[in-house]
>>> print(open('upload26.txt').read())   # compact mmCIF, C-alpha atoms
# COMPACT_ATOMS: atom_id res chain seq x y z
CA MET W 1 -78.44 66.26 26.08
CA THR W 2 -79.07 63.67 23.40
CA ARG W 3 -78.22 64.31 19.76
CA GLN W 4 -81.91 64.72 18.92
CA GLU W 5 -82.37 67.27 21.72
CA LYS W 6 -79.36 69.27 20.56
CA GLN W 7 -80.70 69.28 17.00
CA ALA W 8 -84.13 70.45 18.19
CA TYR W 9 -82.53 73.24 20.27
CA PHE W 10 -80.39 74.29 17.29
CA GLU W 11 -83.45 74.49 15.01
CA ALA W 12 -85.25 76.61 17.61
CA ILE W 13 -82.54 79.26 18.03
CA TYR W 14 -81.36 79.36 14.40
CA PRO W 15 -84.02 81.84 13.10
CA ARG W 16 -83.40 84.14 16.09
CA TYR W 17 -79.64 83.99 15.51
CA ARG W 18 -79.98 84.88 11.81
CA ARG W 19 -82.10 88.00 12.60
CA ALA W 20 -80.04 89.17 15.58
CA SER W 21 -77.54 92.02 15.66
CA GLN W 22 -73.86 91.39 16.32
CA PRO W 23 -74.03 91.84 20.15
CA GLU W 24 -77.13 89.62 20.33
CA LYS W 25 -75.42 86.93 18.21
CA SER W 26 -72.55 86.89 20.69
CA ARG W 27 -74.97 86.28 23.59
CA ILE W 28 -76.82 83.55 21.64
CA LEU W 29 -73.47 81.87 20.91
CA ASP W 30 -72.59 81.92 24.60
CA GLU W 31 -75.94 80.36 25.45
CA PHE W 32 -75.63 77.74 22.65
CA CYS W 33 -72.14 76.67 23.78
CA SER W 34 -73.22 76.51 27.44
CA VAL W 35 -76.36 74.43 26.80
CA CYS W 36 -74.94 72.00 24.21
CA GLY W 37 -71.33 71.86 25.35
CA TYR W 38 -69.94 72.93 21.95
CA ARG W 39 -66.71 74.81 21.35
CA ARG W 40 -67.28 78.36 20.14
CA LYS W 41 -65.71 77.92 16.66
CA TYR W 42 -67.83 74.82 16.03
CA ALA W 43 -70.97 76.65 17.18
CA ILE W 44 -70.20 79.58 14.80
CA ARG W 45 -69.81 77.22 11.85
CA LYS W 46 -72.98 75.32 12.76
CA LEU W 47 -75.12 78.43 13.10
CA GLY W 48 -73.59 79.95 9.99
CA ARG W 49 -75.02 77.32 7.64
CA ARG W 50 -78.65 76.50 6.83
CA PRO W 51 -80.09 73.67 8.97
CA THR W 52 -81.07 70.46 7.16
CA ALA W 53 -82.88 67.32 8.26
CA ALA W 54 -80.70 64.98 10.29
CA GLN W 55 -78.85 62.63 7.94
CA PRO W 56 -77.58 59.17 8.90
CA ARG W 57 -73.90 59.23 9.70
CA LYS W 58 -71.68 57.91 6.95
CA LYS W 59 -69.49 54.93 7.65
CA PRO W 60 -65.91 56.09 8.15
CA GLY W 61 -63.24 55.02 5.71
CA ARG W 62 -63.12 54.61 1.97
CA VAL W 63 -66.15 53.50 -0.03
CA SER W 64 -66.29 49.74 -0.60
CA ARG W 65 -65.47 48.71 -4.16
CA TYR W 66 -68.12 45.97 -3.91
CA ASN W 67 -71.03 48.39 -3.38
CA GLN W 68 -71.57 48.79 -7.11
CA PRO W 69 -74.89 47.86 -8.72
CA ASP W 70 -73.21 45.82 -11.47
CA VAL W 71 -71.15 43.80 -8.98
CA ILE W 72 -74.07 43.16 -6.60
CA LYS W 73 -76.30 42.15 -9.51
CA VAL W 74 -73.88 39.43 -10.66
CA ILE W 75 -73.35 38.13 -7.14
CA ARG W 76 -77.08 38.03 -6.37
CA GLU W 77 -77.98 36.25 -9.62
CA ILE W 78 -75.34 33.57 -9.10
CA TRP W 79 -76.36 33.28 -5.44
CA PHE W 80 -80.02 32.73 -6.31
CA ALA W 81 -79.04 30.22 -9.02
CA THR W 82 -77.06 28.25 -6.42
CA ASP W 83 -80.08 28.24 -4.07
CA GLN W 84 -78.65 30.78 -1.62
CA MET W 85 -75.36 29.21 -0.59
CA CYS W 86 -73.44 30.48 2.42
CA GLY W 87 -70.50 32.81 1.74
CA LYS W 88 -67.80 30.15 2.06
CA ARG W 89 -69.44 27.80 -0.42
CA LEU W 90 -70.45 30.64 -2.74
CA ALA W 91 -66.87 31.94 -2.91
CA ALA W 92 -65.78 28.49 -4.12
CA ALA W 93 -68.71 28.23 -6.56
CA ILE W 94 -68.34 31.63 -8.27
CA PRO W 95 -65.18 30.72 -10.31
CA GLU W 96 -67.10 27.69 -11.65
CA TRP W 97 -70.35 29.52 -12.40
CA LEU W 98 -69.01 32.87 -13.63
CA PRO W 99 -67.74 31.66 -17.07
CA HIS W 100 -71.22 30.30 -17.82
CA TYR W 101 -72.76 33.56 -16.60
CA GLU W 102 -70.49 35.54 -18.96
CA ARG W 103 -71.67 33.51 -21.94
CA MET W 104 -75.23 34.57 -21.12
CA HIS W 105 -74.24 38.21 -20.34
CA PRO W 106 -71.49 39.21 -22.79
CA GLU W 107 -71.64 42.86 -21.64
CA LEU W 108 -69.93 42.00 -18.35
CA THR W 109 -66.76 44.10 -18.03
CA ALA W 110 -63.35 42.84 -16.92
CA SER W 111 -63.45 45.19 -13.92
CA VAL W 112 -66.74 43.74 -12.65
CA ARG W 113 -65.54 40.21 -13.28
CA ASN W 114 -62.34 40.70 -11.28
CA THR W 115 -64.22 42.38 -8.44
CA VAL W 116 -66.70 39.51 -8.19
CA LEU W 117 -63.90 36.94 -8.18
CA ALA W 118 -62.02 38.88 -5.48
CA ALA W 119 -64.94 38.95 -3.03
CA SER W 120 -64.21 37.06 0.18
CA PRO W 121 -66.77 34.82 1.93
CA ALA W 122 -67.36 37.49 4.60
CA THR W 123 -67.93 40.15 1.92
CA LEU W 124 -70.41 37.91 0.10
CA ASP W 125 -72.34 37.27 3.32
CA ARG W 126 -72.44 41.00 4.06
CA LEU W 127 -73.69 41.94 0.59
CA LEU W 128 -76.35 39.21 0.57
CA LYS W 129 -77.56 39.63 4.15
CA PRO W 130 -80.65 41.76 3.26
CA ALA W 131 -81.92 39.07 0.87
CA ARG W 132 -81.66 36.03 3.12
CA VAL W 133 -84.88 34.28 4.21
CA GLN W 134 -85.88 31.94 7.01
CA THR W 135 -87.47 28.56 6.34
CA PRO W 136 -89.46 26.35 8.76
CA LYS W 137 -88.57 22.81 9.79
CA GLY W 138 -90.43 19.60 8.94
CA LEU W 139 -91.49 16.42 10.69
CA SER W 140 -89.39 13.32 11.31
CA GLY W 141 -90.77 10.15 9.76
CA THR W 142 -88.29 7.67 11.21
CA ARG W 143 -90.01 4.79 13.01
CA PRO W 144 -87.97 2.06 14.71
CA GLY W 145 -87.38 -1.18 12.85
CA THR W 146 -86.79 -3.86 15.48
CA LEU W 147 -86.77 -7.07 13.45
CA LEU W 148 -83.11 -7.19 12.38
CA LYS W 149 -81.21 -5.16 14.95
CA GLN W 150 -79.21 -8.22 15.97
CA GLN W 151 -78.27 -9.19 12.40
CA ILE W 152 -77.23 -5.71 11.26
CA PRO W 153 -74.26 -4.42 13.29
CA ILE W 154 -73.87 -0.90 14.62
CA ARG W 155 -71.05 1.01 12.97
CA SER W 156 -68.85 1.24 16.04
CA GLY W 157 -65.96 3.12 14.42
CA TYR W 158 -65.12 5.17 11.36
CA TRP W 159 -64.79 3.57 7.97
CA ASP W 160 -61.51 3.79 6.09
CA VAL W 161 -62.79 6.40 3.66
CA SER W 162 -59.64 6.83 1.60
CA GLN W 163 -61.74 5.78 -1.40
CA PRO W 164 -65.29 6.62 -2.48
CA GLY W 165 -68.13 4.16 -2.08
CA PHE W 166 -68.86 4.25 1.67
CA MET W 167 -72.29 5.87 1.82
CA GLU W 168 -74.81 6.98 4.43
CA ALA W 169 -78.56 6.69 3.75
CA ASP W 170 -81.66 8.44 5.05
CA THR W 171 -85.27 9.17 4.07
CA VAL W 172 -87.30 12.39 4.04
CA ALA W 173 -91.09 12.47 4.38
CA HIS W 174 -93.06 14.74 2.03
CA CYS W 175 -96.00 14.63 4.42
CA GLY W 176 -96.90 18.26 4.99
CA ASN W 177 -98.28 18.69 8.53
CA SER W 178 -99.33 15.05 9.07
CA LEU W 179 -97.60 11.68 8.82
CA ALA W 180 -100.95 9.91 8.38
CA GLY W 181 -101.90 8.28 5.09
CA ASP W 182 -99.92 7.64 1.93
CA PHE W 183 -97.43 10.10 0.45
CA VAL W 184 -94.06 10.35 -1.31
CA TRP W 185 -90.75 9.80 0.46
CA SER W 186 -87.28 10.80 -0.74
CA LEU W 187 -84.32 8.47 -0.31
CA THR W 188 -80.88 10.12 -0.01
CA LEU W 189 -77.44 8.47 -0.24
CA THR W 190 -74.25 10.46 0.42
CA ASP W 191 -70.66 9.34 -0.12
CA ILE W 192 -68.51 10.20 2.93
CA LEU W 193 -65.24 10.89 1.09
CA THR W 194 -66.43 13.03 -1.83
CA GLY W 195 -69.89 14.20 -0.73
CA TRP W 196 -71.38 12.74 -3.94
CA THR W 197 -75.13 12.56 -3.29
CA GLU W 198 -77.97 10.85 -5.13
CA CYS W 199 -81.67 11.11 -4.32
CA ARG W 200 -84.69 9.09 -5.45
CA ALA W 201 -88.41 9.23 -4.65
CA THR W 202 -90.52 6.27 -3.58
CA TRP W 203 -94.20 5.81 -2.79
CA ASN W 204 -94.51 5.35 0.98
CA LYS W 205 -91.43 3.66 2.42
CA GLY W 206 -92.10 -0.01 1.84
CA SER W 207 -89.06 -2.29 1.70
CA THR W 208 -89.53 -3.26 -1.95
CA GLY W 209 -89.74 0.32 -3.17
CA VAL W 210 -86.71 1.39 -1.11
CA VAL W 211 -84.60 -1.53 -2.41
CA ASN W 212 -85.57 -0.70 -6.00
CA GLN W 213 -84.48 2.91 -5.59
CA ILE W 214 -81.21 1.85 -3.93
CA LYS W 215 -80.53 -0.31 -7.00
CA ALA W 216 -81.28 2.66 -9.27
CA ILE W 217 -78.91 4.90 -7.30
CA GLU W 218 -76.17 2.26 -7.37
CA GLN W 219 -76.37 2.06 -11.17
CA ALA W 220 -76.00 5.86 -11.41
CA LEU W 221 -72.96 6.10 -9.13
CA PRO W 222 -69.56 6.75 -10.80
CA PHE W 223 -67.95 4.37 -8.26
CA ALA W 224 -68.67 1.00 -6.68
CA LEU W 225 -70.77 0.79 -3.51
CA ARG W 226 -68.47 -0.41 -0.70
CA GLY W 227 -70.46 0.41 2.42
CA PHE W 228 -74.06 1.26 3.33
CA ASP W 229 -74.85 2.87 6.69
CA CYS W 230 -78.42 3.80 7.65
CA ASP W 231 -80.54 4.75 10.63
CA ASN W 232 -82.81 2.35 12.51
CA GLY W 233 -85.96 2.99 10.46
CA SER W 234 -88.09 0.10 9.26
CA GLU W 235 -87.48 1.08 5.63
CA PHE W 236 -83.86 -0.08 6.05
CA LEU W 237 -83.97 -2.76 8.75
CA ASN W 238 -85.86 -5.40 6.77
CA TYR W 239 -85.18 -8.77 5.15
CA HIS W 240 -85.38 -7.41 1.58
CA LEU W 241 -82.48 -5.01 2.05
CA LEU W 242 -80.47 -7.48 4.15
CA ARG W 243 -80.88 -10.13 1.41
CA TYR W 244 -79.88 -7.61 -1.27
CA PHE W 245 -76.58 -6.78 0.41
CA THR W 246 -75.94 -10.39 1.46
CA ASP W 247 -76.24 -11.56 -2.17
CA HIS W 248 -74.49 -8.47 -3.59
CA PRO W 249 -71.46 -9.39 -5.74
CA GLY W 250 -69.40 -6.53 -4.29
CA GLN W 251 -70.24 -7.51 -0.69
CA PRO W 252 -70.64 -3.94 0.65
CA GLN W 253 -70.68 -3.51 4.42
CA PHE W 254 -74.22 -3.08 5.76
CA THR W 255 -74.28 -1.24 9.09
CA ARG W 256 -76.64 0.95 11.10
CA SER W 257 -76.25 3.93 13.41
CA ARG W 258 -76.95 3.99 17.12
CA PRO W 259 -80.61 4.60 18.00
CA TYR W 260 -81.52 8.28 18.51
CA ARG W 261 -78.03 9.46 17.48
CA LYS W 262 -78.50 11.62 14.39
CA ASN W 263 -74.86 12.68 14.38
CA ASP W 264 -73.87 9.11 13.50
CA ASN W 265 -75.23 9.87 10.01
CA ALA W 266 -74.27 13.54 9.94
CA HIS W 267 -73.10 13.53 6.30
CA VAL W 268 -76.48 12.52 4.92
CA GLU W 269 -78.58 14.34 7.55
CA GLN W 270 -77.35 17.71 6.29
CA LYS W 271 -78.18 16.70 2.71
CA ASN W 272 -81.83 16.29 3.69
CA TRP W 273 -81.96 20.09 3.70
CA THR W 274 -79.68 21.03 0.81
CA HIS W 275 -80.79 18.29 -1.60
CA VAL W 276 -84.43 17.59 -0.70
CA ARG W 277 -86.05 20.41 1.26
CA HIS W 278 -84.43 23.11 -0.87
CA LEU W 279 -85.99 21.46 -3.90
CA PHE W 280 -89.46 20.33 -2.79
CA GLY W 281 -89.98 22.24 0.44
CA TYR W 282 -92.47 21.01 3.05
CA ASP W 283 -95.60 20.45 0.95
CA ARG W 284 -97.54 17.21 1.17
CA LEU W 285 -96.97 15.12 -1.98
CA GLU W 286 -99.76 12.52 -2.00
CA ASP W 287 -100.12 11.83 -5.73
CA GLN W 288 -98.40 8.56 -6.68
CA THR W 289 -97.78 9.77 -10.24
CA LEU W 290 -95.38 12.38 -8.84
CA VAL W 291 -92.81 9.68 -8.09
CA SER W 292 -91.75 9.24 -11.72
CA GLN W 293 -91.55 13.01 -12.28
CA MET W 294 -89.47 13.51 -9.14
CA ASN W 295 -87.11 10.69 -10.08
CA ASP W 296 -86.65 12.16 -13.55
CA LEU W 297 -85.56 15.40 -11.90
CA TYR W 298 -83.48 13.74 -9.18
CA ALA W 299 -81.60 11.42 -11.55
CA HIS W 300 -80.71 13.99 -14.21
CA GLU W 301 -80.57 17.77 -13.72
CA TRP W 302 -80.60 17.82 -9.92
CA SER W 303 -77.83 15.24 -9.56
CA LEU W 304 -75.66 16.96 -12.17
CA LEU W 305 -76.13 20.40 -10.65
CA GLN W 306 -75.43 19.32 -7.07
CA ASN W 307 -72.46 17.06 -7.78
CA HIS W 308 -70.73 19.12 -10.48
CA PHE W 309 -71.38 22.75 -9.54
CA ARG W 310 -72.18 23.09 -5.85
CA PRO W 311 -69.21 23.09 -3.44
CA THR W 312 -69.68 21.46 -0.06
CA MET W 313 -67.87 21.86 3.25
CA LYS W 314 -65.85 18.95 4.63
CA LEU W 315 -64.48 18.61 8.16
CA LYS W 316 -60.69 18.40 8.11
CA GLU W 317 -59.81 18.27 11.79
CA LYS W 318 -61.61 18.18 15.12
CA GLN W 319 -60.01 18.36 18.55
CA ARG W 320 -61.22 19.01 22.07
CA VAL W 321 -59.82 22.06 23.82
CA GLY W 322 -61.04 22.39 27.39
CA GLY W 323 -64.81 22.09 27.45
CA ARG W 324 -65.45 22.57 23.74
CA TYR W 325 -64.46 21.22 20.33
CA GLN W 326 -62.47 23.13 17.75
CA LYS W 327 -63.27 22.26 14.14
CA LYS W 328 -61.24 23.09 11.05
CA TYR W 329 -62.72 22.70 7.59
CA ALA W 330 -61.03 22.12 4.26
CA PRO W 331 -61.69 24.67 1.48
CA PRO W 332 -65.12 24.02 -0.10
CA GLU W 333 -65.04 21.78 -3.18
CA THR W 334 -67.60 20.13 -5.41
CA PRO W 335 -68.01 16.34 -5.23
CA TYR W 336 -66.81 16.28 -8.85
CA ALA W 337 -63.56 18.06 -7.90
CA ARG W 338 -62.95 15.59 -5.06
CA MET W 339 -63.54 12.70 -7.45
CA MET W 340 -61.01 14.11 -9.91
CA VAL W 341 -58.20 14.29 -7.31
CA SER W 342 -58.93 10.94 -5.66
CA GLU W 343 -56.28 8.30 -6.36
CA ALA W 344 -58.87 5.56 -5.81
CA VAL W 345 -60.87 6.66 -8.88
CA SER W 346 -59.74 5.09 -12.16
CA ASP W 347 -58.47 7.20 -15.07
CA GLU W 348 -61.36 5.92 -17.23
CA ALA W 349 -63.93 7.12 -14.68
CA LYS W 350 -62.21 10.50 -14.39
CA ALA W 351 -62.12 10.91 -18.19
CA ALA W 352 -65.84 10.12 -18.43
CA LEU W 353 -66.65 12.59 -15.64
CA LYS W 354 -64.53 15.32 -17.23
CA THR W 355 -66.21 14.85 -20.62
CA GLN W 356 -69.61 15.07 -18.96
CA HIS W 357 -68.62 18.14 -16.93
CA GLU W 358 -67.42 20.08 -19.97
CA GLN W 359 -70.82 19.62 -21.65
CA LEU W 360 -72.81 21.04 -18.73
CA ASN W 361 -74.04 24.58 -18.13
CA PRO W 362 -75.33 25.19 -14.57
CA PHE W 363 -77.70 27.97 -15.66
CA GLU W 364 -79.31 25.69 -18.26
CA LEU W 365 -79.62 22.94 -15.65
CA LYS W 366 -81.24 25.42 -13.28
CA ALA W 367 -83.74 26.54 -15.92
CA THR W 368 -84.72 22.94 -16.66
CA ILE W 369 -85.10 22.24 -12.95
CA GLU W 370 -87.44 25.22 -12.56
CA ALA W 371 -89.56 24.04 -15.51
CA LYS W 372 -89.86 20.51 -14.10
CA LEU W 373 -90.61 21.85 -10.62
CA LYS W 374 -93.40 24.00 -12.05
CA ALA W 375 -95.01 20.95 -13.63
CA ILE W 376 -94.72 18.99 -10.36
CA PHE W 377 -96.20 21.71 -8.18
CA ASN W 378 -99.00 22.40 -10.65
CA LYS W 379 -100.03 18.78 -10.14
CA VAL W 380 -99.65 19.18 -6.37
CA THR W 381 -102.00 22.18 -6.46
CA VAL W 382 -104.60 20.27 -8.49
CA THR W 383 -104.42 17.30 -6.10
CA SER W 384 -104.78 19.59 -3.08
CA ASN W 385 -107.81 21.37 -4.56
CA VAL W 386 -109.52 18.04 -5.35
CA ARG W 387 -108.84 16.80 -1.82
CA GLN W 388 -110.31 19.96 -0.29
CA ARG W 389 -113.53 19.61 -2.34
CA ILE W 390 -113.89 16.02 -1.19
>>> encode(input="upload26.txt", output="structure tokens")
Amino acid sequence: MTRQEKQAYFEAIYPRYRRASQPEKSRILDEFCSVCGYRRKYAIRKLGRRPTAAQPRKKPGRVSRYNQPDVIKVIREIWFATDQMCGKRLAAAIPEWLPHYERMHPELTASVRNTVLAASPATLDRLLKPARVQTPKGLSGTRPGTLLKQQIPIRSGYWDVSQPGFMEADTVAHCGNSLAGDFVWSLTLTDILTGWTECRATWNKGSTGVVNQIKAIEQALPFALRGFDCDNGSEFLNYHLLRYFTDHPGQPQFTRSRPYRKNDNAHVEQKNWTHVRHLFGYDRLEDQTLVSQMNDLYAHEWSLLQNHFRPTMKLKEKQRVGGRYQKKYAPPETPYARMMVSEAVSDEAKAALKTQHEQLNPFELKATIEAKLKAIFNKVTVTSNVRQRI
């Protein structure tokens, strides 16, 4: 018999058992034990108490110290502020974010604080599992650029990335469901050593606009540009960008990935999601005036939040064992933390970064980002409504 069938049988004979005389109760007990397979003492105890609706079985063991409303509230608020990081990254981010959270919530007790700090990545993933959401994928806007494939070499090996400045580049199309027509593109550059990432928006992906945004990103970087690796899209393989790097005083290496090999630019490919899609989603941005608003957000609050307060994973070791690869990752760190421990970064640059970091509050940055995003998407809604009427 199933558990539900045994419960139904118990509920059927219980009233008869309660009204029966002592000899009749003995016969009912014999029948109950025979049908359900219970021991007699267990059957006596079960029939001796009032039946209740079947309750879900409790998890064995002691009650988790993390299942407290105050603890879960703090973890969820920090998690949402970090744009729903995975448990491993969130565990590294909480010690950085929690002091700023305490300034905004002075009623936080020492017990709750210590419990939040003690939560492991697996515990954080378990507590946050009910709140996670799924997000769709977008379209690829990369179109081959064939003019300069002979002049721009393929990066055949790995750069010596013992110092920051070797960066991978990619573009993201804010095209909605169609790549036709004019719309905004985002340009992303990621440093391989530290994970420092800068984004800029450009109208369409013409060579002049892309070069101008690369110049703007280079001026914002806290280190010199030493290498530039891109895919084979026409926005990168053009004479304007080749001339820019050829005449560049620092002479950075200009290389490209192999065609149709996204893993060649794996560092920047993953940033297309965390730094662009997380922010602007998959809407179609076809108003040219949005470019300046997006760049204001990219260059200030978004860059500071991502590079100073959001830990990233970095591959430490990879080896092949049999038919598969085993990967080991270093503990998650922010790009700022990696910059501060790099021997290739000057003391002056580290002092400037530290001064800037001490003046930042991630929750204030997040609030400003939300306000600017609201203004951007209000304009997107107006543009979409006008387009539908036309």
>>> atom_distance(input="upload26.txt", atom1="CA of Lys350 in chain W", atom2="CA of Leu187 in chain W")
26.3 Å
>>> residues_around(input="upload26.txt", residues="range 284-287 of chain W", least_positions_apart="4", cutoff="10 Å", atoms="all atoms listed in the file", output="MDAnalysis selection string")
chainID W and resid 173:179 181:185 203:204 280 291 376:377 379:384
>>> closest_atom_pairs(input="upload26.txt", of="range 242-337 of chain W", to="range 85-88 of chain W", cutoff="12 Å", atoms="all atoms listed in the file", output="tab-separated table")
residue	atom	partner	partner_atom	distance
W:Thr274	CA	W:Met85	CA	9.4
W:His278	CA	W:Met85	CA	10.9
W:Gln306	CA	W:Met85	CA	11.8
W:Phe309	CA	W:Met85	CA	11.7
W:Arg310	CA	W:Met85	CA	8.7
W:Pro311	CA	W:Lys88	CA	9.1
W:Thr312	CA	W:Lys88	CA	9.1
W:Met313	CA	W:Lys88	CA	8.4
W:Lys314	CA	W:Lys88	CA	11.7
W:Tyr329	CA	W:Lys88	CA	10.6
W:Ala330	CA	W:Lys88	CA	10.7
W:Pro331	CA	W:Lys88	CA	8.2
W:Pro332	CA	W:Lys88	CA	7.0
W:Glu333	CA	W:Lys88	CA	10.3
>>> atom_distance(input="upload26.txt", atom1="CA of Leu373 in chain W", atom2="CA of Glu301 in chain W")
11.3 Å
>>> closest_residue(input="upload26.txt", among="W:Phe10, W:Phe223, W:Tyr101, W:Tyr38", to="Met339 in chain W", atoms="all atoms listed in the file")
W:Phe223
>>> atom_distance(input="upload26.txt", atom1="CA of Glu317 in chain W", atom2="CA of Leu304 in chain W")
28.8 Å
>>> closest_atom_pairs(input="upload26.txt", of="range 29-90 of chain W", to="range 106-109 of chain W", cutoff="10 Å", atoms="all atoms listed in the file", output="CSV")
residue,atom,partner,partner_atom,distance
W:Asp70,CA,W:Leu108,CA,8.5
W:Val71,CA,W:Leu108,CA,9.6
W:Val74,CA,W:Leu108,CA,9.0
>>> closest_atom_pairs(input="upload26.txt", of="range 220-257 of chain W", to="range 207-210 of chain W", cutoff="7 Å", atoms="all atoms listed in the file", output="JSON lines")
{"residue": "W:Glu235", "atom": "CA", "partner": "W:Ser207", "partner_atom": "CA", "distance": 5.4}
{"residue": "W:Asn238", "atom": "CA", "partner": "W:Ser207", "partner_atom": "CA", "distance": 6.8}
{"residue": "W:His240", "atom": "CA", "partner": "W:Ser207", "partner_atom": "CA", "distance": 6.3}
>>> residues_around(input="upload26.txt", residues="Ala216 in chain W", least_positions_apart="3", cutoff="10 Å", atoms="all atoms listed in the file", output="PyMOL selection string")
chain W and resi 198-200+210-213+219-221+295+299
>>> closest_residue(input="upload26.txt", among="W:Leu315, W:Val112, W:Ile192, W:Leu365", to="Val268 in chain W", atoms="all atoms listed in the file")
W:Ile192
